[in-house]
file input_32.pdb (PDB, C-alpha atoms)
ATOM      1  CA  MET P  27      82.115  89.709  96.616
ATOM      2  CA  LYS P  28      82.053  92.757  98.895
ATOM      3  CA  GLU P  29      81.889  92.193 102.624
ATOM      4  CA  ILE P  30      82.329  94.338 105.735
ATOM      5  CA  ILE P  31      84.543  93.925 108.789
ATOM      6  CA  GLN P  32      82.388  93.121 111.821
ATOM      7  CA  LYS P  33      85.153  92.973 114.439
ATOM      8  CA  ARG P  34      86.452  96.014 116.254
ATOM      9  CA  HIS P  35      89.959  95.426 115.008
ATOM     10  CA  VAL P  36      91.595  92.775 112.808
ATOM     11  CA  PHE P  37      95.008  92.544 111.211
ATOM     12  CA  LEU P  38      95.659  91.862 107.558
ATOM     13  CA  TRP P  39      97.814  88.767 107.995
ATOM     14  CA  LYS P  40     100.473  87.791 105.458
ATOM     15  CA  ARG P  41      99.772  84.071 105.778
ATOM     16  CA  PRO P  42      96.592  82.070 106.564
ATOM     17  CA  GLU P  43      97.891  80.301 109.631
ATOM     18  CA  GLU P  44      97.898  80.423 113.406
ATOM     19  CA  ASN P  45     100.657  82.445 115.049
ATOM     20  CA  ALA P  46     101.562  83.648 118.516
ATOM     21  CA  ALA P  47     100.092  87.135 118.158
ATOM     22  CA  LEU P  48      96.812  85.837 116.741
ATOM     23  CA  THR P  49      96.523  83.293 119.560
ATOM     24  CA  THR P  50      96.996  86.063 122.115
ATOM     25  CA  MET P  51      94.309  88.180 120.445
ATOM     26  CA  ASN P  52      91.826  85.321 120.516
ATOM     27  CA  GLN P  53      92.498  84.489 124.168
ATOM     28  CA  SER P  54      92.901  87.911 125.775
ATOM     29  CA  ILE P  55      89.973  90.293 126.191
ATOM     30  CA  SER P  56      92.263  93.296 126.261
ATOM     31  CA  ALA P  57      94.049  92.182 123.095
ATOM     32  CA  GLU P  58      90.737  91.497 121.340
ATOM     33  CA  LEU P  59      89.995  95.172 121.940
ATOM     34  CA  GLY P  60      93.155  96.070 120.098
ATOM     35  CA  LEU P  61      95.288  96.608 123.189
ATOM     36  CA  LEU P  62      98.128  94.281 122.306
ATOM     37  CA  THR P  63     100.978  93.952 124.739
ATOM     38  CA  GLY P  64     104.260  95.578 123.754
ATOM     39  CA  LYS P  65     105.738  92.123 123.203
ATOM     40  CA  ASP P  66     102.973  91.102 120.799
ATOM     41  CA  ALA P  67     103.098  94.436 118.988
ATOM     42  CA  LEU P  68     106.806  93.879 118.369
ATOM     43  CA  LEU P  69     106.131  90.306 117.242
ATOM     44  CA  LEU P  70     103.934  91.626 114.425
ATOM     45  CA  HIS P  71     107.022  93.346 113.024
ATOM     46  CA  ASP P  72     109.828  91.003 114.008
ATOM     47  CA  ALA P  73     108.101  87.863 112.725
ATOM     48  CA  ASP P  74     106.811  89.636 109.582
ATOM     49  CA  LEU P  75     103.221  88.645 110.369
ATOM     50  CA  VAL P  76     101.054  91.509 109.088
ATOM     51  CA  ASP P  77     100.859  94.181 106.412
ATOM     52  CA  SER P  78      98.031  96.349 107.698
ATOM     53  CA  GLU P  79      94.948  96.563 109.902
ATOM     54  CA  LEU P  80      91.201  96.700 109.288
ATOM     55  CA  VAL P  81      88.635  98.182 111.640
ATOM     56  CA  PHE P  82      84.902  97.880 112.277
ATOM     57  CA  GLY P  83      82.964  98.917 109.181
ATOM     58  CA  ASP P  84      85.789  98.646 106.658
ATOM     59  CA  PRO P  85      84.602  97.242 103.300
ATOM     60  CA  VAL P  86      86.643  94.446 101.739
ATOM     61  CA  GLU P  87      86.600  92.410  98.541
ATOM     62  CA  VAL P  88      86.763  88.656  99.182
ATOM     63  CA  LEU P  89      89.139  87.089  96.674
ATOM     64  CA  THR P  90      89.189  83.467  97.870
ATOM     65  CA  GLU P  91      88.521  81.284 100.940
ATOM     66  CA  LYS P  92      90.671  78.551 102.444
ATOM     67  CA  ASP P  93      90.385  76.485 105.638
ATOM     68  CA  GLY P  94      88.575  79.109 107.722
ATOM     69  CA  TRP P  95      90.426  82.049 106.179
ATOM     70  CA  LYS P  96      89.525  84.632 103.554
ATOM     71  CA  LYS P  97      91.998  86.309 101.253
ATOM     72  CA  ILE P  98      90.708  89.844 100.842
ATOM     73  CA  ALA P  99      91.524  93.163  99.252
ATOM     74  CA  ALA P 100      91.256  96.072 101.679
ATOM     75  CA  ILE P 101      89.127  98.512  99.690
ATOM     76  CA  GLY P 102      90.439 102.037 100.190
ATOM     77  CA  GLN P 103      93.940 100.971 101.206
ATOM     78  CA  GLY P 104      95.754 101.639  97.967
ATOM     79  CA  LYS P 105      98.806  99.654  96.876
ATOM     80  CA  VAL P 106     100.573  99.608  93.516
ATOM     81  CA  GLY P 107      99.927  96.307  91.732
ATOM     82  CA  GLU P 108      96.874  95.426  93.842
ATOM     83  CA  GLU P 109      94.098  97.338  92.096
ATOM     84  CA  LYS P 110      91.247  96.373  94.431
ATOM     85  CA  GLY P 111      93.226  97.283  97.550
ATOM     86  CA  TYR P 112      95.926  95.946  99.843
ATOM     87  CA  GLU P 113      95.692  92.138  99.825
ATOM     88  CA  GLY P 114      96.058  89.766 102.750
ATOM     89  CA  TRP P 115      94.282  87.223 104.940
ATOM     90  CA  ILE P 116      91.655  87.507 107.679
ATOM     91  CA  GLU P 117      89.819  84.825 109.632
ATOM     92  CA  ALA P 118      86.539  83.890 107.921
ATOM     93  CA  GLU P 119      84.412  85.105 110.836
ATOM     94  CA  ASP P 120      85.941  88.594 110.730
ATOM     95  CA  SER P 121      83.740  89.781 107.847
ATOM     96  CA  ILE P 122      80.109  89.411 106.815
ATOM     97  CA  PRO P 123      78.176  90.306 103.624
ATOM     98  CA  LEU P 124      77.812  94.034 102.989
ATOM     99  CA  THR P 125      74.135  95.021 103.037
ATOM    100  CA  TYR P 126      74.262  98.831 102.788
ATOM    101  CA  GLN P 127      75.745 101.515 100.573
ATOM    102  CA  VAL P 128      79.279 102.669 101.424
ATOM    103  CA  ASP P 129      80.231 104.508  98.232
ATOM    104  CA  GLU P 130      79.276 108.064  97.311
ATOM    105  CA  VAL P 131      77.407 108.716 100.555
ATOM    106  CA  GLU P 132      78.140 111.173 103.358
ATOM    107  CA  LYS P 133      80.176 109.652 106.163
ATOM    108  CA  VAL P 134      81.357 110.353 109.681
ATOM    109  CA  ALA P 135      84.731 109.365 111.094
ATOM    110  CA  ILE P 136      85.552 108.710 114.728
ATOM    111  CA  THR P 137      87.908 111.472 115.862
ATOM    112  CA  ARG P 138      88.738 110.298 119.393
ATOM    113  CA  GLN P 139      91.008 107.416 120.288
ATOM    114  CA  TYR P 140      87.850 105.433 121.099
ATOM    115  CA  ALA P 141      84.143 106.211 120.825
ATOM    116  CA  PRO P 142      80.957 104.483 122.046
ATOM    117  CA  LEU P 143      78.151 103.491 119.672
ATOM    118  CA  LYS P 144      74.542 103.022 120.754
ATOM    119  CA  PHE P 145      72.903 100.294 118.675
ATOM    120  CA  CYS P 146      69.273 100.865 117.751
ATOM    121  CA  ASP P 147      68.147  97.261 118.202
ATOM    122  CA  GLY P 148      69.199  97.319 121.851
ATOM    123  CA  LEU P 149      72.345  95.293 121.245
ATOM    124  CA  ALA P 150      74.281  95.541 124.480
ATOM    125  CA  SER P 151      77.902  96.442 124.062
ATOM    126  CA  GLU P 152      80.562  97.833 126.352
ATOM    127  CA  VAL P 153      82.987  97.960 123.444
ATOM    128  CA  GLU P 154      84.200 101.317 122.220
ATOM    129  CA  TYR P 155      85.311 101.638 118.623
ATOM    130  CA  PRO P 156      88.641 103.151 117.577
ATOM    131  CA  PHE P 157      89.779 106.149 115.611
ATOM    132  CA  GLY P 158      89.997 104.905 112.050
ATOM    133  CA  CYS P 159      86.361 103.767 111.825
ATOM    134  CA  VAL P 160      84.225 105.484 109.170
ATOM    135  CA  PHE P 161      80.437 105.042 108.912
ATOM    136  CA  PRO P 162      77.822 106.046 106.272
ATOM    137  CA  ILE P 163      75.303 108.577 107.609
ATOM    138  CA  ILE P 164      71.593 107.673 107.528
ATOM    139  CA  GLU P 165      70.299 110.754 109.339
ATOM    140  CA  GLU P 166      71.721 113.600 111.409
ATOM    141  CA  TRP P 167      70.340 115.323 114.472
ATOM    142  CA  PRO P 168      71.557 118.257 116.611
ATOM    143  CA  THR P 169      73.583 116.098 119.002
ATOM    144  CA  ASN P 170      74.317 112.875 117.100
ATOM    145  CA  TYR P 171      74.272 110.920 113.862
ATOM    146  CA  LEU P 172      72.396 107.778 112.872
ATOM    147  CA  VAL P 173      74.811 105.549 110.951
ATOM    148  CA  HIS P 174      75.088 102.167 109.284
ATOM    149  CA  THR P 175      77.367  99.613 110.963
ATOM    150  CA  PRO P 176      77.980  95.896 110.390
ATOM    151  CA  LEU P 177      75.920  95.175 113.533
ATOM    152  CA  GLY P 178      72.963  97.301 112.466
ATOM    153  CA  GLN P 179      72.021 100.955 112.732
ATOM    154  CA  ALA P 180      73.586 102.906 115.582
ATOM    155  CA  THR P 181      73.912 106.443 116.880
ATOM    156  CA  ILE P 182      77.163 108.238 117.632
ATOM    157  CA  ASP P 183      77.458 111.479 119.569
ATOM    158  CA  ARG P 184      78.864 114.425 117.582
ATOM    159  CA  HIS P 185      81.393 114.871 120.390
ATOM    160  CA  TYR P 186      83.215 111.757 119.157
ATOM    161  CA  CYS P 187      83.171 112.221 115.393
ATOM    162  CA  GLN P 188      83.152 114.540 112.404
ATOM    163  CA  LYS P 189      81.821 114.475 108.878
ATOM    164  CA  THR P 190      84.625 113.459 106.563
ATOM    165  CA  ASN P 191      83.831 116.482 104.367
ATOM    166  CA  ALA P 192      83.607 118.944 107.272
ATOM    167  CA  PHE P 193      86.860 120.788 106.481
ATOM    168  CA  THR P 194      88.676 122.112 103.437
ATOM    169  CA  GLY P 195      91.987 123.851 102.757
ATOM    170  CA  GLU P 196      93.981 125.181 105.688
ATOM    171  CA  ASP P 197      91.111 124.401 108.077
ATOM    172  CA  LEU P 198      91.468 120.749 107.078
ATOM    173  CA  ALA P 199      95.234 120.833 107.584
ATOM    174  CA  ASN P 200      94.882 122.479 111.006
ATOM    175  CA  ASN P 201      92.253 119.951 112.095
ATOM    176  CA  LEU P 202      94.434 117.079 110.863
ATOM    177  CA  VAL P 203      97.266 118.360 113.065
ATOM    178  CA  HIS P 204      94.867 118.807 115.981
ATOM    179  CA  LEU P 205      93.683 115.205 115.713
ATOM    180  CA  ALA P 206      97.241 113.916 115.362
ATOM    181  CA  LYS P 207      98.407 115.544 118.611
ATOM    182  CA  GLN P 208      95.904 113.606 120.749
ATOM    183  CA  PHE P 209      97.859 110.417 120.006
ATOM    184  CA  ARG P 210     101.148 111.644 121.416
ATOM    185  CA  GLY P 211     102.536 108.830 123.571
ATOM    186  CA  LEU P 212     100.479 106.071 121.902
ATOM    187  CA  SER P 213     102.592 102.943 121.373
ATOM    188  CA  TYR P 214     103.705 102.093 117.840
ATOM    189  CA  VAL P 215     101.997  99.037 116.307
ATOM    190  CA  TRP P 216     103.387  97.570 113.097
ATOM    191  CA  GLY P 217     100.591  97.529 110.500
ATOM    192  CA  GLY P 218      98.324  99.675 112.679
ATOM    193  CA  ILE P 219      95.901 102.236 111.254
ATOM    194  CA  SER P 220      93.689 102.874 114.303
ATOM    195  CA  GLY P 221      93.458 104.404 117.753
ATOM    196  CA  SER P 222      94.740 101.074 119.041
ATOM    197  CA  GLY P 223      98.169 101.927 117.590
ATOM    198  CA  PHE P 224      99.738 103.102 114.343
ATOM    199  CA  ASP P 225     102.767 102.487 112.232
ATOM    200  CA  CYS P 226     104.206 105.599 110.545
ATOM    201  CA  SER P 227     102.310 105.386 107.261
ATOM    202  CA  GLY P 228      99.154 104.109 108.984
ATOM    203  CA  PHE P 229      99.174 107.286 111.091
ATOM    204  CA  ALA P 230      99.293 109.464 107.974
ATOM    205  CA  TYR P 231      96.752 107.271 106.158
ATOM    206  CA  SER P 232      94.115 107.320 108.911
ATOM    207  CA  LEU P 233      94.409 111.037 109.626
ATOM    208  CA  HIS P 234      93.727 111.764 105.965
ATOM    209  CA  ARG P 235      90.888 109.230 105.717
ATOM    210  CA  ALA P 236      89.150 110.931 108.650
ATOM    211  CA  HIS P 237      88.983 113.972 106.361
ATOM    212  CA  GLY P 238      87.705 112.093 103.323
ATOM    213  CA  ILE P 239      91.120 111.911 101.631
ATOM    214  CA  LEU P 240      92.248 108.431 100.576
ATOM    215  CA  ILE P 241      96.004 108.160 100.164
ATOM    216  CA  ALA P 242      98.191 105.103  99.600
ATOM    217  CA  ARG P 243      98.766 102.802 102.576
ATOM    218  CA  ASP P 244     102.582 102.673 102.476
ATOM    219  CA  ALA P 245     105.003 105.571 102.891
ATOM    220  CA  HIS P 246     106.996 104.994  99.695
ATOM    221  CA  GLU P 247     103.739 105.097  97.694
ATOM    222  CA  GLN P 248     102.301 108.053  99.630
ATOM    223  CA  ALA P 249     105.372 109.976  98.433
ATOM    224  CA  LEU P 250     104.360 109.487  94.789
ATOM    225  CA  ALA P 251     101.196 111.625  94.876
ATOM    226  CA  GLY P 252      99.915 114.861  96.339
ATOM    227  CA  LYS P 253     101.449 118.293  95.708
ATOM    228  CA  LYS P 254     105.244 118.421  95.946
ATOM    229  CA  VAL P 255     106.563 121.268  98.149
ATOM    230  CA  THR P 256     109.943 122.294  99.541
ATOM    231  CA  LEU P 257     110.831 122.492 103.227
ATOM    232  CA  GLU P 258     110.721 126.292 102.948
ATOM    233  CA  GLU P 259     107.183 126.071 101.517
ATOM    234  CA  ALA P 260     105.976 123.380 103.952
ATOM    235  CA  LEU P 261     102.906 124.069 106.074
ATOM    236  CA  PRO P 262     101.360 122.192 109.006
ATOM    237  CA  GLY P 263      99.605 119.084 107.732
ATOM    238  CA  ASP P 264     102.124 118.321 104.978
ATOM    239  CA  LEU P 265     103.779 114.891 104.899
ATOM    240  CA  LEU P 266     107.542 114.578 105.313
ATOM    241  CA  PHE P 267     109.229 111.515 103.829
ATOM    242  CA  PHE P 268     112.583 110.027 104.813
ATOM    243  CA  ALA P 269     114.843 107.632 102.921
ATOM    244  CA  TYR P 270     117.898 105.526 103.657
ATOM    245  CA  GLU P 271     121.318 106.536 102.333
ATOM    246  CA  GLU P 272     120.844 110.152 103.475
ATOM    247  CA  GLY P 273     117.698 110.612 101.412
ATOM    248  CA  LYS P 274     118.850 108.805  98.268
ATOM    249  CA  GLY P 275     117.634 105.284  99.040
ATOM    250  CA  PHE P 276     114.317 103.589  99.798
ATOM    251  CA  ILE P 277     111.671 105.677 101.599
ATOM    252  CA  HIS P 278     111.157 104.088 105.012
ATOM    253  CA  HIS P 279     109.383 106.707 107.146
ATOM    254  CA  VAL P 280     106.776 109.477 107.079
ATOM    255  CA  GLY P 281     105.770 112.173 109.558
ATOM    256  CA  ILE P 282     103.246 115.030 109.686
ATOM    257  CA  TYR P 283     104.741 118.517 109.657
ATOM    258  CA  LEU P 284     103.684 120.782 112.530
ATOM    259  CA  GLY P 285     105.616 123.881 111.498
ATOM    260  CA  SER P 286     108.499 125.518 113.395
ATOM    261  CA  ASP P 287     110.914 122.646 112.634
ATOM    262  CA  LEU P 288     108.662 120.040 114.270
ATOM    263  CA  MET P 289     106.866 116.912 113.090
ATOM    264  CA  ILE P 290     104.613 114.365 114.760
ATOM    265  CA  HIS P 291     105.084 110.731 113.800
ATOM    266  CA  SER P 292     104.659 107.155 114.974
ATOM    267  CA  GLN P 293     108.350 106.588 115.217
ATOM    268  CA  THR P 294     109.413 102.944 115.119
ATOM    269  CA  PRO P 295     108.658  99.469 116.576
ATOM    270  CA  GLY P 296     109.137  99.650 120.335
ATOM    271  CA  SER P 297     108.598 103.414 120.364
ATOM    272  CA  LYS P 298     105.493 105.618 120.201
ATOM    273  CA  VAL P 299     103.911 108.698 118.646
ATOM    274  CA  LEU P 300     106.372 111.548 119.221
ATOM    275  CA  ILE P 301     106.928 115.197 118.358
ATOM    276  CA  THR P 302     110.445 115.583 116.984
ATOM    277  CA  HIS P 303     112.720 118.341 115.663
ATOM    278  CA  ILE P 304     114.000 117.946 112.115
ATOM    279  CA  ILE P 305     116.911 120.351 111.671
ATOM    280  CA  ASP P 306     120.335 119.136 112.874
ATOM    281  CA  THR P 307     119.102 115.548 113.305
ATOM    282  CA  ASN P 308     119.335 112.386 111.206
ATOM    283  CA  TYR P 309     115.849 113.236 109.951
ATOM    284  CA  GLN P 310     117.235 116.321 108.216
ATOM    285  CA  LYS P 311     119.834 114.146 106.472
ATOM    286  CA  GLU P 312     117.206 111.630 105.355
ATOM    287  CA  LEU P 313     114.458 114.084 104.335
ATOM    288  CA  CYS P 314     113.816 113.392 100.661
ATOM    289  CA  MET P 315     110.267 114.508  99.823
ATOM    290  CA  ILE P 316     107.406 116.652 101.106
ATOM    291  CA  ARG P 317     103.852 116.124  99.831
ATOM    292  CA  ARG P 318     100.606 118.003 100.467
ATOM    293  CA  TYR P 319      97.265 116.248 100.131
ATOM    294  CA  TRP P 320      94.971 118.779 101.823
ATOM    295  CA  GLU P 321      94.760 121.411  99.053
TER
END
call {"tool": "encode", "arguments": {"input": "input_32.pdb", "output": "structure tokens"}}
result
Amino acid sequence: MKEIIQKRHVFLWKRPEENAALTTMNQSISAELGLLTGKDALLLHDADLVDSELVFGDPVEVLTEKDGWKKIAAIGQGKVGEEKGYEGWIEAEDSIPLTYQVDEVEKVAITRQYAPLKFCDGLASEVEYPFGCVFPIIEEWPTNYLVHTPLGQATIDRHYCQKTNAFTGEDLANNLVHLAKQFRGLSYVWGGISGSGFDCSGFAYSLHRAHGILIARDAHEQALAGKKVTLEEALPGDLLFFAYEEGKGFIHHVGIYLGSDLMIHSQTPGSKVLITHIIDTNYQKELCMIRRYWE
């Protein structure tokens, strides 16, 4: 059964059980808005609690229910061996039945770190929704769009979003880089795919999804598709992949190429989104693959 995420931000938990990070999220207003403390963000990684994140409006396939939890497949987050999408657990109240069309319709994606929605039924909300959210368009006007959301129809100002099919070719690549740079300094969040914080592959995944390009969720699987290019051929917007054992082992990291020996990436737990040189660093030693998805 298809449902839709109705919370601003939920993690795809590995196990259907209470844990310290989940307790913090349910008790802290700031954490409920996706602003986890650095300690809790590290806990997600160190305690192996989550695999990914879901945001407001994400469709999911409910696979089973158990004691107030739902095991779901995250539709659109590709993973080898999980055909319906990345699988994991969410709290039962996090999703509701899907009542509108999400496939093969024009969509808008939030392009700022956060964006306000104005709900048409007068629903009061001071919550802003994060980069990573994508909504089906009902109607468009000169200054805003009318969109479907899990809480009903809403309008979003064009200043905060773009059509996912708005760019092609090098224009798409340049806009992807432009959007990436606004997150410089944002704290790394293990499993994150939103303006509340990214892991390395979540950063690449969400930037592409904002342009209507669905790529795999994890770095080692992102490296299996797209157009293969060399470092000499690389252009801004290409994905750079890095592997252990000086590029011969398991792929563990991905960054977005900016040109001129620079990449932007969500570096590592405890760090943040950074712009980094490649040549004469460990990244040069570990560089193993470059893929282009924007052509």
call {"tool": "resolve_selection", "arguments": {"input": "input_32.pdb", "expression": "the PyMOL selection byres ((chain P and resi 39) around 10)", "output": "list in words"}}
result
Val36, Phe37, Leu38, Lys40, Arg41, Pro42, Glu43, Glu44, Asn45, Leu48, Leu70, Asp74, Leu75, Val76, Asp77, Ser78, Glu79, Lys97, Glu113, Gly114, Trp115, Ile116, Glu117 and Gly217 of chain P
call {"tool": "atom_distance", "arguments": {"input": "input_32.pdb", "atom1": "atom CA of Val86 of chain P", "atom2": "atom CA of Gln127 of chain P"}}
result
13.0 Å
call {"tool": "residues_around", "arguments": {"input": "input_32.pdb", "residues": "Val153 of chain P", "least_positions_apart": "6", "cutoff": "10 Å", "atoms": "only C-alpha atoms", "output": "number ranges by chain"}}
result
P: 34, 59, 140-143
call {"tool": "atom_distance", "arguments": {"input": "input_32.pdb", "atom1": "atom CA of Asp197 of chain P", "atom2": "atom CA of Trp320 of chain P"}}
result
9.3 Å
call {"tool": "atom_distance", "arguments": {"input": "input_32.pdb", "atom1": "atom CA of Glu29 of chain P", "atom2": "atom CA of Pro123 of chain P"}}
result
4.3 Å
call {"tool": "resolve_selection", "arguments": {"input": "input_32.pdb", "expression": "the PyMOL selection byres ((chain P and resi 215) around 10)", "output": "NGL selection string"}}
result
:P and (61-64 or 66-71 or 78-79 or 212-214 or 216-220 or 222-226 or 228 or 292-298)
call {"tool": "resolve_selection", "arguments": {"input": "input_32.pdb", "expression": "the PyMOL selection byres ((chain P and resi 188-190) around 12)", "output": "number ranges by chain"}}
result
P: 130-138, 141, 157-163, 166, 169-171, 173, 182-187, 191-194, 198, 201-202, 205, 232-240
call {"tool": "axis_aligned_box", "arguments": {"input": "input_32.pdb", "around": "segment 254-263 of chain P", "padding_each_side": "6 Å", "output": "AutoDock Vina command-line options"}}
result
--center_x 105.2 --center_y 122.4 --center_z 102.5 --size_x 23.2 --size_y 19.9 --size_z 25.1
call {"tool": "residues_around", "arguments": {"input": "input_32.pdb", "residues": "His174 of chain P", "least_positions_apart": "2", "cutoff": "9 Å", "atoms": "only C-alpha atoms", "output": "MDAnalysis selection string"}}
result
chainID P and resid 83 126:128 161:164 172 176:181
call {"tool": "closest_residue", "arguments": {"input": "input_32.pdb", "among": "P:Glu259, P:Glu119, P:Glu108, P:Asp264", "to": "Gly195 of chain P", "atoms": "only C-alpha atoms"}}
result
P:Asp264
call {"tool": "residues_around", "arguments": {"input": "input_32.pdb", "residues": "segment 275-278 of chain P", "least_positions_apart": "3", "cutoff": "12 Å", "atoms": "all atoms listed in the file", "output": "count of residues only"}}
result
27
call {"tool": "closest_residue", "arguments": {"input": "input_32.pdb", "among": "P:Lys65, P:Ile290, P:Lys274, P:Thr302", "to": "Thr50 of chain P", "atoms": "only C-alpha atoms"}}
result
P:Lys65
